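S.K.: Contents are TSV, C-alpha atoms; file name final.tsv:
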chain	number	residue	atom	x	y	z
A	1383	MET	CA	0.00	0.00	0.00
A	1384	ASP	CA	1.08	3.58	-0.60
A	1385	LEU	CA	-0.29	7.11	-0.71
A	1386	ALA	CA	-1.12	7.13	-4.43
A	1387	THR	CA	-3.13	3.89	-4.14
A	1388	CYS	CA	-5.00	5.27	-1.12
A	1389	LEU	CA	-5.96	8.39	-3.07
A	1390	LYS	CA	-7.04	6.25	-6.03
A	1391	LYS	CA	-9.24	4.11	-3.75
A	1392	MET	CA	-10.80	7.24	-2.25
A	1393	GLU	CA	-11.56	8.50	-5.74
A	1394	LEU	CA	-13.10	5.17	-6.80
A	1395	VAL	CA	-15.29	4.91	-3.69
A	1396	GLY	CA	-16.45	8.43	-4.44
A	1397	VAL	CA	-18.77	9.20	-1.53
A	1398	LEU	CA	-16.72	9.83	1.62
A	1399	ALA	CA	-17.55	10.83	5.19
A	1400	PHE	CA	-16.14	14.18	6.35
A	1401	ALA	CA	-15.90	14.95	10.08
A	1402	THR	CA	-15.38	18.42	11.53
A	1403	VAL	CA	-16.07	20.13	14.84
A	1404	ASP	CA	-18.69	22.84	15.34
A	1405	SER	CA	-18.49	25.98	17.49
A	1406	ASP	CA	-19.65	23.95	20.54
A	1407	GLY	CA	-16.75	21.54	20.01
A	1408	ALA	CA	-19.18	18.81	18.96
A	1409	PRO	CA	-18.42	16.31	16.20
A	1410	GLN	CA	-20.16	16.86	12.87
A	1411	ILE	CA	-20.18	14.39	10.01
A	1412	ARG	CA	-21.65	14.25	6.49
A	1413	ASN	CA	-21.06	12.62	3.13
A	1414	ILE	CA	-19.24	14.53	0.42
A	1415	SER	CA	-18.73	13.37	-3.14
A	1416	ALA	CA	-18.02	16.66	-4.92
A	1417	ILE	CA	-14.27	16.07	-4.82
A	1418	HIS	CA	-11.55	16.48	-7.41
A	1419	TYR	CA	-8.29	14.56	-7.03
A	1420	GLU	CA	-4.83	15.71	-8.02
A	1421	SER	CA	-1.71	13.69	-7.20
A	1422	ASP	CA	-0.69	16.19	-4.53
A	1423	ALA	CA	-4.01	17.62	-3.30
A	1424	ILE	CA	-7.77	17.21	-3.19
A	1425	TYR	CA	-10.33	19.92	-3.84
A	1426	PHE	CA	-13.93	19.75	-2.68
A	1427	PHE	CA	-17.11	21.77	-3.09
A	1428	THR	CA	-19.69	22.81	-0.53
A	1429	ALA	CA	-22.15	25.70	-0.24
A	1430	ARG	CA	-21.29	28.86	1.70
A	1431	GLY	CA	-24.52	28.69	3.69
A	1432	LYS	CA	-23.97	25.23	5.14
A	1433	ASN	CA	-22.74	24.60	8.67
A	1434	PHE	CA	-20.00	22.43	7.11
A	1435	CYS	CA	-18.58	25.55	5.43
A	1436	ARG	CA	-18.72	27.53	8.68
A	1437	GLU	CA	-16.88	24.75	10.54
A	1438	LEU	CA	-14.18	24.63	7.88
A	1439	LEU	CA	-13.70	28.40	7.89
A	1440	GLU	CA	-13.70	28.68	11.70
A	1441	ASP	CA	-11.64	25.61	12.60
A	1442	GLY	CA	-10.57	23.85	9.41
A	1443	ARG	CA	-9.61	20.52	10.95
A	1444	VAL	CA	-11.17	17.65	9.07
A	1445	GLN	CA	-10.95	13.88	8.96
A	1446	ILE	CA	-12.13	12.08	5.85
A	1447	LEU	CA	-13.07	8.42	5.91
A	1448	CYS	CA	-13.27	6.01	2.97
A	1449	TYR	CA	-14.48	2.41	3.31
A	1450	THR	CA	-13.99	-0.05	0.47
A	1451	LYS	CA	-15.84	-3.27	-0.36
A	1452	TYR	CA	-12.68	-5.14	0.71
A	1453	LYS	CA	-12.95	-4.04	4.36
A	1454	GLU	CA	-10.29	-1.36	3.91
A	1455	MET	CA	-10.54	1.94	5.76
A	1456	ILE	CA	-8.60	4.97	4.55
A	1457	ARG	CA	-8.57	7.99	6.77
A	1458	MET	CA	-7.17	11.42	5.89
A	1459	SER	CA	-6.49	13.95	8.67
A	1460	ALA	CA	-5.85	17.49	7.59
A	1461	LYS	CA	-6.54	21.17	7.85
A	1462	ALA	CA	-8.58	22.36	4.87
A	1463	TYR	CA	-8.43	25.88	3.50
A	1464	ALA	CA	-10.52	27.85	1.02
A	1465	VAL	CA	-8.67	28.27	-2.26
A	1466	PRO	CA	-7.91	31.87	-3.32
A	1467	GLU	CA	-10.83	33.80	-4.86
A	1468	GLU	CA	-9.25	33.84	-8.32
A	1469	GLU	CA	-9.04	30.03	-8.40
A	1470	GLN	CA	-12.54	29.30	-7.08
A	1471	ALA	CA	-14.34	29.18	-10.43
A	1472	LYS	CA	-11.69	26.99	-12.05
A	1473	TRP	CA	-11.87	24.17	-9.47
A	1474	ARG	CA	-15.64	24.47	-9.11
A	1475	ASP	CA	-16.16	24.02	-12.84
A	1476	ILE	CA	-13.76	21.05	-12.94
A	1477	ILE	CA	-15.77	19.34	-10.18
A	1478	PHE	CA	-19.10	20.07	-11.90
A	1479	GLU	CA	-17.74	18.70	-15.18
A	1480	GLU	CA	-16.48	15.50	-13.53
A	1481	GLN	CA	-19.76	14.95	-11.67
A	1482	PRO	CA	-22.75	15.86	-13.82
A	1483	TYR	CA	-25.28	15.11	-11.02
A	1484	LEU	CA	-24.13	18.30	-9.28
A	1485	ALA	CA	-25.82	20.38	-11.96
A	1486	ASN	CA	-29.13	18.85	-10.86
A	1487	VAL	CA	-28.55	19.90	-7.28
A	1488	TYR	CA	-27.19	23.36	-8.20
A	1489	PRO	CA	-28.62	24.15	-11.66
A	1490	GLY	CA	-27.59	27.12	-13.77
A	1491	ASP	CA	-25.68	29.85	-12.00
A	1492	THR	CA	-26.75	28.69	-8.51
A	1493	ARG	CA	-23.42	26.87	-8.35
A	1494	SER	CA	-21.97	30.29	-7.51
A	1495	ILE	CA	-23.13	29.70	-3.90
A	1496	GLY	CA	-20.35	27.11	-3.76
A	1497	ILE	CA	-16.95	27.42	-2.18
A	1498	ILE	CA	-13.93	25.25	-2.93
A	1499	PHE	CA	-11.65	23.98	-0.19
A	1500	CYS	CA	-8.25	22.36	-0.66
A	1501	ILE	CA	-6.25	19.82	1.30
A	1502	ASP	CA	-2.62	19.58	0.26
A	1503	ARG	CA	-1.00	18.47	3.49
A	1504	ALA	CA	-2.36	15.46	5.38
A	1505	GLU	CA	-1.76	12.27	7.28
A	1506	VAL	CA	-3.29	9.27	5.52
A	1507	GLU	CA	-3.94	6.08	7.48
A	1508	TYR	CA	-4.66	2.75	5.79
A	1509	PHE	CA	-6.35	-0.01	7.80
A	1510	ASN	CA	-7.33	-3.41	6.36
A	1511	LEU	CA	-9.69	-5.50	8.48
A	1512	GLY	CA	-10.12	-8.04	5.68
A	1513	VAL	CA	-6.77	-9.79	6.23
A	1514	ASN	CA	-5.52	-11.82	9.16
A	1515	PRO	CA	-3.63	-10.41	10.95
A	1516	ILE	CA	-5.09	-7.00	10.19
A	1517	PHE	CA	-2.79	-4.57	8.38
A	1518	ARG	CA	-2.27	-0.85	8.95
A	1519	ASP	CA	0.15	1.77	7.73
A	1520	THR	CA	0.40	5.56	7.61
A	1521	TYR	CA	1.53	7.88	4.82
A	1522	THR	CA	1.84	11.61	4.42
A	1523	LEU	CA	0.64	13.97	1.74
A	1524	GLY	CA	2.61	17.17	1.17
A	1525	GLY	CA	4.83	16.66	4.19
A	1526	GLY	CA	2.08	16.12	6.78
A	1527	THR	CA	3.23	14.67	10.10
A	1528	ILE	CA	2.51	11.19	11.45
A	1529	THR	CA	0.82	11.01	14.86
A	1530	LYS	CA	2.20	8.27	17.13
A	1531	LYS	CA	-0.46	5.81	18.25
A	1532	GLY	CA	-0.85	2.44	19.81
A	1533	TYR	CA	1.43	0.55	22.19
A	1534	ASN	CA	5.11	-0.28	22.69
A	1535	ILE	CA	6.92	-2.78	24.94
A	1536	THR	CA	9.73	-1.20	26.93
A	1537	GLU	CA	12.98	-2.58	28.39
A	1538	LYS	CA	11.06	-3.39	31.59
A	1539	CYS	CA	9.77	-6.52	29.78
A	1540	ILE	CA	10.61	-9.70	31.74
A	1541	GLY	CA	9.93	-11.98	28.77
A	1542	CYS	CA	7.05	-13.88	30.40
A	1543	GLY	CA	5.13	-13.99	27.12
A	1544	LYS	CA	1.74	-13.20	28.63
A	1545	CYS	CA	1.17	-10.31	26.21
A	1546	ARG	CA	1.76	-12.62	23.27
A	1547	THR	CA	-0.89	-15.11	24.44
A	1548	LYS	CA	-3.37	-12.27	25.05
A	1549	CYS	CA	-2.90	-10.58	21.67
A	1550	PRO	CA	-6.00	-11.21	19.51
A	1551	GLN	CA	-3.96	-10.73	16.33
A	1552	ARG	CA	-0.92	-12.75	17.50
A	1553	CYS	CA	1.24	-9.84	16.45
A	1554	ILE	CA	3.73	-9.80	19.34
A	1555	GLU	CA	7.16	-11.36	18.68
A	1556	GLU	CA	9.37	-13.01	21.29
A	1557	GLY	CA	12.58	-11.18	22.13
A	1558	LYS	CA	14.26	-9.06	24.75
A	1559	PRO	CA	12.10	-7.11	25.03
A	1560	TYR	CA	9.10	-8.64	23.25
A	1561	ARG	CA	8.07	-6.54	20.27
A	1562	ILE	CA	4.71	-5.47	18.83
A	1563	LEU	CA	4.48	-5.73	15.05
A	1564	GLN	CA	2.99	-2.29	14.59
A	1565	ASN	CA	1.60	-2.92	11.10
A	1566	HIS	CA	-0.63	-5.67	12.49
A	1567	CYS	CA	-1.72	-4.12	15.80
A	1568	LEU	CA	-5.41	-3.41	16.50
A	1569	HIS	CA	-4.54	-0.94	19.30
A	1570	CYS	CA	-7.03	-2.87	21.45
A	1571	GLY	CA	-4.92	-2.59	24.62
A	1572	ASN	CA	-5.17	-6.24	25.71
A	1573	CYS	CA	-1.37	-6.60	26.04
A	1574	TYR	CA	-1.21	-3.34	27.99
A	1575	GLU	CA	-3.91	-4.42	30.45
A	1576	ASN	CA	-2.40	-7.86	30.99
A	1577	CYS	CA	1.34	-7.16	31.35
A	1578	PRO	CA	2.19	-8.22	34.92
A	1579	VAL	CA	5.05	-5.70	35.24
A	1580	LYS	CA	3.51	-2.75	33.37
A	1581	ALA	CA	6.24	-2.86	30.74
A	1582	ILE	CA	3.91	-1.74	27.97
A	1583	VAL	CA	3.30	1.95	27.28
A	1584	ARG	CA	0.57	3.68	25.34
A	1585	GLU	CA	1.74	6.29	22.83
B	423	MET	CA	-39.74	8.28	6.27
B	424	ASP	CA	-39.71	7.68	10.01
B	425	LEU	CA	-37.36	6.74	12.82
B	426	ALA	CA	-37.92	2.98	12.61
B	427	THR	CA	-37.14	2.95	8.88
B	428	CYS	CA	-33.99	5.00	9.46
B	429	LEU	CA	-32.78	2.51	12.07
B	430	LYS	CA	-33.59	-0.39	9.73
B	431	LYS	CA	-31.59	1.24	6.94
B	432	MET	CA	-28.64	1.79	9.30
B	433	GLU	CA	-28.78	-1.88	10.26
B	434	LEU	CA	-28.91	-3.01	6.62
B	435	VAL	CA	-26.00	-0.80	5.55
B	436	GLY	CA	-24.07	-2.27	8.47
B	437	VAL	CA	-20.77	-0.41	8.32
B	438	LEU	CA	-21.25	3.15	9.58
B	439	ALA	CA	-18.93	6.11	10.17
B	440	PHE	CA	-18.66	7.30	13.78
B	441	ALA	CA	-17.31	10.78	14.54
B	442	THR	CA	-16.09	11.94	17.95
B	443	VAL	CA	-13.75	14.63	19.25
B	444	ASP	CA	-10.39	13.92	20.86
B	445	SER	CA	-8.75	15.64	23.83
B	446	ASP	CA	-7.35	18.33	21.47
B	447	GLY	CA	-10.86	19.07	20.26
B	448	ALA	CA	-10.03	17.58	16.86
B	449	PRO	CA	-12.50	15.53	14.82
B	450	GLN	CA	-11.97	11.77	14.78
B	451	ILE	CA	-13.76	9.37	12.51
B	452	ARG	CA	-13.77	5.59	11.92
B	453	ASN	CA	-15.99	2.81	10.65
B	454	ILE	CA	-17.90	0.68	13.13
B	455	SER	CA	-19.98	-2.36	12.26
B	456	ALA	CA	-20.12	-4.15	15.63
B	457	ILE	CA	-23.57	-2.73	16.38
B	458	HIS	CA	-26.73	-4.31	17.75
B	459	TYR	CA	-30.09	-2.66	17.09
B	460	GLU	CA	-33.08	-2.57	19.39
B	461	SER	CA	-36.21	-0.53	18.58
B	462	ASP	CA	-35.32	2.04	21.25
B	463	ALA	CA	-31.51	1.93	21.40
B	464	ILE	CA	-28.31	0.83	19.69
B	465	TYR	CA	-25.38	-0.93	21.35
B	466	PHE	CA	-21.88	-1.02	19.91
B	467	PHE	CA	-18.58	-2.68	20.70
B	468	THR	CA	-15.08	-1.26	20.74
B	469	ALA	CA	-11.86	-2.14	22.59
B	470	ARG	CA	-10.90	-0.37	25.80
B	471	GLY	CA	-7.41	0.43	24.47
B	472	LYS	CA	-8.54	2.35	21.42
B	473	ASN	CA	-8.59	6.13	21.18
B	474	PHE	CA	-12.25	5.83	20.15
B	475	CYS	CA	-13.05	4.38	23.59
B	476	ARG	CA	-11.14	7.16	25.34
B	477	GLU	CA	-13.01	9.82	23.37
B	478	LEU	CA	-16.36	8.24	24.24
B	479	LEU	CA	-15.51	8.00	27.93
B	480	GLU	CA	-14.07	11.53	28.13
B	481	ASP	CA	-16.59	13.39	25.96
B	482	GLY	CA	-19.22	10.96	24.74
B	483	ARG	CA	-20.65	13.10	21.94
B	484	VAL	CA	-20.89	11.12	18.74
B	485	GLN	CA	-22.37	11.51	15.28
B	486	ILE	CA	-23.04	8.40	13.23
B	487	LEU	CA	-23.41	8.53	9.46
B	488	CYS	CA	-25.07	5.99	7.19
B	489	TYR	CA	-25.09	6.28	3.40
B	490	THR	CA	-27.34	4.06	1.31
B	491	LYS	CA	-27.08	3.03	-2.34
B	492	TYR	CA	-30.07	5.28	-3.01
B	493	LYS	CA	-28.21	8.50	-2.12
B	494	GLU	CA	-29.81	8.67	1.32
B	495	MET	CA	-27.84	9.95	4.30
B	496	ILE	CA	-28.96	9.13	7.82
B	497	ARG	CA	-27.20	10.90	10.65
B	498	MET	CA	-27.59	10.16	14.34
B	499	SER	CA	-26.37	12.72	16.91
B	500	ALA	CA	-26.13	11.53	20.48
B	501	LYS	CA	-24.20	11.14	23.67
B	502	ALA	CA	-23.06	7.54	24.12
B	503	TYR	CA	-22.51	5.93	27.49
B	504	ALA	CA	-20.88	2.70	28.63
B	505	VAL	CA	-23.52	0.17	29.72
B	506	PRO	CA	-23.34	-0.94	33.39
B	507	GLU	CA	-20.70	-3.54	34.17
B	508	GLU	CA	-23.26	-6.28	34.84
B	509	GLU	CA	-24.75	-5.86	31.34
B	510	GLN	CA	-21.47	-5.72	29.40
B	511	ALA	CA	-21.12	-9.45	28.72
B	512	LYS	CA	-24.73	-9.85	27.61
B	513	TRP	CA	-24.62	-7.19	24.89
B	514	ARG	CA	-21.08	-8.14	23.83
B	515	ASP	CA	-22.09	-11.74	23.28
B	516	ILE	CA	-25.20	-10.72	21.33
B	517	ILE	CA	-23.05	-8.60	19.00
B	518	PHE	CA	-20.49	-11.41	18.55
B	519	GLU	CA	-23.27	-13.88	17.77
B	520	GLU	CA	-24.89	-11.58	15.20
B	521	GLN	CA	-21.54	-10.86	13.51
B	522	PRO	CA	-19.35	-13.97	13.35
B	523	TYR	CA	-16.41	-12.10	11.73
B	524	LEU	CA	-15.75	-10.43	15.08
B	525	ALA	CA	-14.51	-13.73	16.49
B	526	ASN	CA	-11.74	-13.65	13.87
B	527	VAL	CA	-10.64	-10.22	15.01
B	528	TYR	CA	-11.01	-10.99	18.74
B	529	PRO	CA	-10.70	-14.80	19.04
B	530	GLY	CA	-11.37	-16.78	22.21
B	531	ASP	CA	-11.49	-14.78	25.40
B	532	THR	CA	-9.73	-11.74	23.90
B	533	ARG	CA	-13.20	-10.28	23.35
B	534	SER	CA	-13.04	-9.38	27.03
B	535	ILE	CA	-10.96	-6.33	26.04
B	536	GLY	CA	-14.19	-4.97	24.58
B	537	ILE	CA	-16.52	-2.41	26.04
B	538	ILE	CA	-20.14	-1.86	25.06
B	539	PHE	CA	-21.60	1.61	24.63
B	540	CYS	CA	-25.28	2.47	24.32
B	541	ILE	CA	-27.21	5.26	22.60
B	542	ASP	CA	-30.83	5.50	23.68
B	543	ARG	CA	-31.48	9.21	23.14
B	544	ALA	CA	-30.64	10.84	19.83
B	545	GLU	CA	-31.53	13.17	17.02
B	546	VAL	CA	-31.81	11.35	13.69
B	547	GLU	CA	-31.63	13.32	10.45
B	548	TYR	CA	-32.70	11.86	7.12
B	549	PHE	CA	-31.44	13.48	3.90
B	550	ASN	CA	-32.20	12.17	0.41
B	551	LEU	CA	-30.11	13.59	-2.41
B	552	GLY	CA	-31.56	11.11	-4.89
B	553	VAL	CA	-34.87	12.92	-5.36
B	554	ASN	CA	-35.62	16.31	-6.89
B	555	PRO	CA	-36.17	18.44	-4.92
B	556	ILE	CA	-34.04	16.87	-2.22
B	557	PHE	CA	-35.88	15.69	0.88
B	558	ARG	CA	-34.89	16.00	4.53
B	559	ASP	CA	-36.57	15.37	7.85
B	560	THR	CA	-35.57	14.93	11.49
B	561	TYR	CA	-36.76	12.44	14.10
B	562	THR	CA	-35.91	11.77	17.71
B	563	LEU	CA	-35.03	8.59	19.55
B	564	GLY	CA	-35.88	8.37	23.24
B	565	GLY	CA	-36.91	12.01	23.50
B	566	GLY	CA	-33.79	13.57	21.98
B	567	THR	CA	-34.12	17.22	20.98
B	568	ILE	CA	-34.17	18.64	17.46
B	569	THR	CA	-31.55	21.27	16.63
B	570	LYS	CA	-32.87	24.15	14.51
B	571	LYS	CA	-30.98	24.57	11.26
B	572	GLY	CA	-31.24	26.27	7.95
B	573	TYR	CA	-33.02	29.46	6.94
B	574	ASN	CA	-36.34	31.25	7.45
B	575	ILE	CA	-37.97	34.22	5.73
B	576	THR	CA	-39.20	36.86	8.16
B	577	GLU	CA	-41.98	39.47	7.99
B	578	LYS	CA	-39.42	41.89	6.51
B	579	CYS	CA	-39.99	40.12	3.16
B	580	ILE	CA	-41.10	42.59	0.44
B	581	GLY	CA	-42.32	39.85	-1.90
B	582	CYS	CA	-39.85	40.61	-4.70
B	583	GLY	CA	-39.36	36.90	-5.43
B	584	LYS	CA	-35.59	37.10	-5.90
B	585	CYS	CA	-34.99	34.32	-3.35
B	586	ARG	CA	-37.30	32.03	-5.29
B	587	THR	CA	-35.41	32.52	-8.55
B	588	LYS	CA	-32.08	31.95	-6.78
B	589	CYS	CA	-33.11	28.75	-4.98
B	590	PRO	CA	-31.37	25.76	-6.64
B	591	GLN	CA	-34.13	23.42	-5.43
B	592	ARG	CA	-37.05	25.76	-6.26
B	593	CYS	CA	-38.32	25.18	-2.75
B	594	ILE	CA	-39.48	28.70	-1.90
B	595	GLU	CA	-43.22	29.40	-2.14
B	596	GLU	CA	-44.80	32.74	-2.95
B	597	GLY	CA	-46.69	34.42	-0.13
B	598	LYS	CA	-46.55	37.20	2.41
B	599	PRO	CA	-43.90	36.51	3.48
B	600	TYR	CA	-42.41	34.03	1.01
B	601	ARG	CA	-41.86	30.66	2.65
B	602	ILE	CA	-39.05	28.08	2.50
B	603	LEU	CA	-40.28	24.48	2.25
B	604	GLN	CA	-37.99	23.19	4.97
B	605	ASN	CA	-38.22	19.53	3.93
B	606	HIS	CA	-36.68	20.38	0.57
B	607	CYS	CA	-34.06	22.94	1.56
B	608	LEU	CA	-30.35	22.30	0.92
B	609	HIS	CA	-29.29	24.93	3.48
B	610	CYS	CA	-27.02	26.33	0.77
B	611	GLY	CA	-27.65	29.94	1.72
B	612	ASN	CA	-28.26	31.30	-1.77
B	613	CYS	CA	-31.60	32.92	-0.77
B	614	TYR	CA	-29.96	34.44	2.31
B	615	GLU	CA	-27.10	35.96	0.30
B	616	ASN	CA	-29.39	37.33	-2.40
B	617	CYS	CA	-32.28	38.84	-0.43
B	618	PRO	CA	-32.14	42.60	-1.19
B	619	VAL	CA	-33.67	43.56	2.18
B	620	LYS	CA	-32.00	40.97	4.42
B	621	ALA	CA	-35.35	39.44	5.33
B	622	ILE	CA	-33.91	35.95	5.59
B	623	VAL	CA	-32.40	34.70	8.84
B	624	ARG	CA	-30.12	31.78	9.52
B	625	GLU	CA	-31.14	29.53	12.42
Give the structure from the file, written as structure tokens.
M.R.:
Amino acid sequence: MDLATCLKKMELVGVLAFATVDSDGAPQIRNISAIHYESDAIYFFTARGKNFCRELLEDGRVQILCYTKYKEMIRMSAKAYAVPEEEQAKWRDIIFEEQPYLANVYPGDTRSIGIIFCIDRAEVEYFNLGVNPIFRDTYTLGGGTITKKGYNITEKCIGCGKCRTKCPQRCIEEGKPYRILQNHCLHCGNCYENCPVKAIVRE
Amino acid sequence: MDLATCLKKMELVGVLAFATVDSDGAPQIRNISAIHYESDAIYFFTARGKNFCRELLEDGRVQILCYTKYKEMIRMSAKAYAVPEEEQAKWRDIIFEEQPYLANVYPGDTRSIGIIFCIDRAEVEYFNLGVNPIFRDTYTLGGGTITKKGYNITEKCIGCGKCRTKCPQRCIEEGKPYRILQNHCLHCGNCYENCPVKAIVRE
């Protein structure tokens, strides 16, 4: 798996879930399909009067989730920004040309109520629940940073092997210390809860 | 459309997107399918070591999004809570029985790392983009409240009809004042931006 394939899968799935936070700090989620993909950025359309637009302008943080028929989840974390005024019409018309149904929703010149946002810097997580053990990896778009997550076994490990027997994905290797195979970890915390000497730390 | 049909559609779609906020106030989103449906509540499974669990325990606000093949979006807004300790095993085992794949992810007794959350009070929004004009409605589960959204035309309306010509869904009726058919409104804001006397208010 790699970033380009993740973006291609997002484009093929088409309808994605976008999460933001509102002015009360509450989670907000909706489907968006009016998206144009470039190799180094995505552009998407919404209307200026929607709460989604307000949340993007006021906060900008967004997570985008794509689920494929093969039990793959692709998640993009980013800060979106409105493209400059002089580029708005260009990207809007590209999106309307690629997705003719949009002209039914916003016929004629009513598309001018739209605003185009761009994401060109993001963390992209890939998670496949359709393989055993599960597989995960993280990529960056435009130099985005990777957030540490999950669990690690420290030097305090006494090598008892209890974590390995408790791991639902059998993704802990023997060694000094034992080692979690990060690409196969569910982040469920069962090793962490069961280590008798608290040698496992949460990132 | 009604609440029971919305819940049935959510159950049939199966894999839903769940949005929460993390301790930085950032949006977090992931797919969840380990869900059991009752007529008056939903129960879902996650692992205690996941960030999702932490966000639910610390904040609890969640929005759940379902997208059907017929361009319908169903969105549930709620506060989730962990079910009492003595009921955890019952609901967990029901979910594992209904969805056998879960035993591959959490084999044997590793399912004990799971925690069951319940939603029994929620706002449920239905939005259909597959009809023209679009259709939306809102229902409540367990006495949840309905959040006002969108636009209204006030008595300041001078009856010029400009809003009606600018509405992409043609969902504004003539009258004194003109009136927005709320079940067909996109919330795009085009009427609001174009009213010459600022007679239109945003909720």
S.K.: Taking all atoms listed in the file into account, produce a table as a Markdown table in which each residue of chain B with an atom at most 9 Å from an atom of chain A appears once, together with its shortest atom pair and the distance in Å to one decimal, ordered by chain and rising number.
M.R.:
| residue | atom | partner | partner_atom | distance |
| --- | --- | --- | --- | --- |
| B:Val437 | CA | A:Tyr1449 | CA | 8.5 |
| B:Ala439 | CA | A:Ala1399 | CA | 7.0 |
| B:Phe440 | CA | A:Ile1411 | CA | 8.2 |
| B:Ala441 | CA | A:Pro1409 | CA | 5.9 |
| B:Thr442 | CA | A:Pro1409 | CA | 5.3 |
| B:Val443 | CA | A:Pro1409 | CA | 5.8 |
| B:Gly447 | CA | A:Gly1407 | CA | 6.4 |
| B:Ala448 | CA | A:Arg1443 | CA | 6.6 |
| B:Pro449 | CA | A:Thr1402 | CA | 5.2 |
| B:Gln450 | CA | A:Gln1445 | CA | 6.3 |
| B:Ile451 | CA | A:Gln1445 | CA | 6.4 |
| B:Arg452 | CA | A:Leu1447 | CA | 6.7 |
| B:Asn453 | CA | A:Met1455 | CA | 7.4 |
| B:Thr468 | CA | A:Cys1570 | CA | 8.2 |
| B:Ala469 | CA | A:Cys1570 | CA | 5.0 |
| B:Arg470 | CA | A:Cys1570 | CA | 6.3 |
| B:Gly471 | CA | A:Gly1571 | CA | 3.9 |
| B:Lys472 | CA | A:Cys1570 | CA | 5.4 |
| B:Asn473 | CA | A:His1569 | CA | 8.4 |
| B:Arg483 | CA | A:Ala1408 | CA | 6.6 |
| B:Val484 | CA | A:Pro1409 | CA | 6.3 |
| B:Gln485 | CA | A:Gln1410 | CA | 6.3 |
| B:Ile486 | CA | A:Ile1411 | CA | 7.4 |
| B:Leu487 | CA | A:Arg1412 | CA | 6.7 |
| B:Cys488 | CA | A:Asn1413 | CA | 8.7 |
| B:Tyr489 | CA | A:Asn1413 | CA | 7.5 |
| B:Met495 | CA | A:Asn1413 | CA | 7.4 |
| B:Arg497 | CA | A:Arg1412 | CA | 7.7 |
| B:Ser499 | CA | A:Gln1410 | CA | 8.5 |
| B:Asn526 | CA | A:Asn1514 | CA | 8.0 |
| B:Val527 | CA | A:Pro1550 | CA | 6.5 |
| B:Tyr528 | CA | A:Pro1550 | CA | 5.1 |
| B:Pro529 | CA | A:Pro1550 | CA | 5.9 |
| B:Gly530 | CA | A:Pro1550 | CA | 8.2 |
| B:Asp531 | CA | A:Lys1548 | CA | 8.5 |
| B:Thr532 | CA | A:Pro1550 | CA | 5.8 |
| B:Arg533 | CA | A:Pro1550 | CA | 8.2 |
| B:Ser534 | CA | A:Asn1572 | CA | 8.6 |
| B:Ile535 | CA | A:Asn1572 | CA | 5.8 |
| B:Gly536 | CA | A:Cys1570 | CA | 8.1 |
| B:Leu551 | CA | A:Val1487 | CA | 8.1 |
| B:Asn554 | CA | A:Val1487 | CA | 7.9 |
| B:Pro555 | CA | A:Val1487 | CA | 8.1 |
| B:Ile556 | CA | A:Val1487 | CA | 8.1 |
| B:Lys571 | CA | A:Asn1433 | CA | 8.6 |
| B:Gly572 | CA | A:Lys1432 | CA | 7.9 |
| B:Lys588 | CA | A:Thr1492 | CA | 6.5 |
| B:Cys589 | CA | A:Thr1492 | CA | 7.3 |
| B:Pro590 | CA | A:Tyr1488 | CA | 5.1 |
| B:Gln591 | CA | A:Val1487 | CA | 6.9 |
| B:Leu608 | CA | A:Lys1432 | CA | 8.2 |
| B:His609 | CA | A:Lys1432 | CA | 5.6 |
| B:Cys610 | CA | A:Gly1431 | CA | 4.5 |
| B:Gly611 | CA | A:Gly1431 | CA | 3.9 |
| B:Asn612 | CA | A:Ile1495 | CA | 5.8 |
| B:Tyr614 | CA | A:Gly1431 | CA | 8.0 |
| B:Glu615 | CA | A:Gly1431 | CA | 8.4 |
| B:Arg624 | CA | A:Gly1431 | CA | 8.7 |
S.K.: Mind giving me the straight-line distance from atom CA of Phe1517 of chain A to atom CA of Lys1461 of chain A in Å, one decimal?
M.R.: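 Going from atom CA of Phe1517 of chain A over to atom CA of Lys1461 of chain A covers 26.0 Å.
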S.K.: Would you compute the distance between atom CA of Val1465 of chain A and atom CA of Cys1388 of chain A? Give it in Å to one decimal.
M.R.: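 If I compute the distance from atom CA of Val1465 of chain A to atom CA of Cys1388 of chain A, I get 23.3 Å.
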S.K.: Set the distance at 8 Å and use only C-alpha atoms: which residues neighbour Tyr600 of chain B once local chain neighbours fewer than 5 positions away are removed? I'd like the list as a list in words.
M.R.: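 Near neighbours after the sequence-gap exclusion: Ile575, Cys579, Gly581, Gly583, Ile594 and Glu595 of chain B.
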S.K.: Please indicate the distance in Å from atom CA of Ile568 of chain B to atom CA of Asp1406 of chain A, rounded to one decimal place.
M.R.: 15.8 Å
S.K.: Excluding Asn1534 of chain A and residues on its chain fewer than 6 positions from it, collect all residues at most 8 Å away from it, counting all atoms listed in the file, and give them as number ranges by chain.
M.R.: A: 1561-1562, 1582-1585
S.K.: Could you check the closest approach to Ser1405 of chain A for each of A:Glu1420, A:Glu1468, A:Glu1437, A:Glu1480 and tell me which residue wins, using only C-alpha atoms?
M.R.: A:Glu1437
S.K.: Is it possible to get the axis-aligned box enclosing segment 1469-1475 of chain A (all listed atoms, 5 Å extra per side) as JSON, with centre and edge lengths in Å rounded to one decimal?
M.R.:
{"center_x": -12.6, "center_y": 27.0, "center_z": -10.0, "size_x": 17.1, "size_y": 16.0, "size_z": 15.8}
S.K.: Show me the residues around (-21.4, -8.2, 31.1) - criterion: an atom at most 12 Å away, all atoms listed in the file counted - as a ChimeraX atom specification.
M.R.: /B:504-516,533-539
S.K.: Which one of A:Arg1552, A:Pro1559, A:Tyr1425, A:Cys1577 sits closest to Ile1477 of chain A if you count all atoms listed in the file?
M.R.: A:Tyr1425
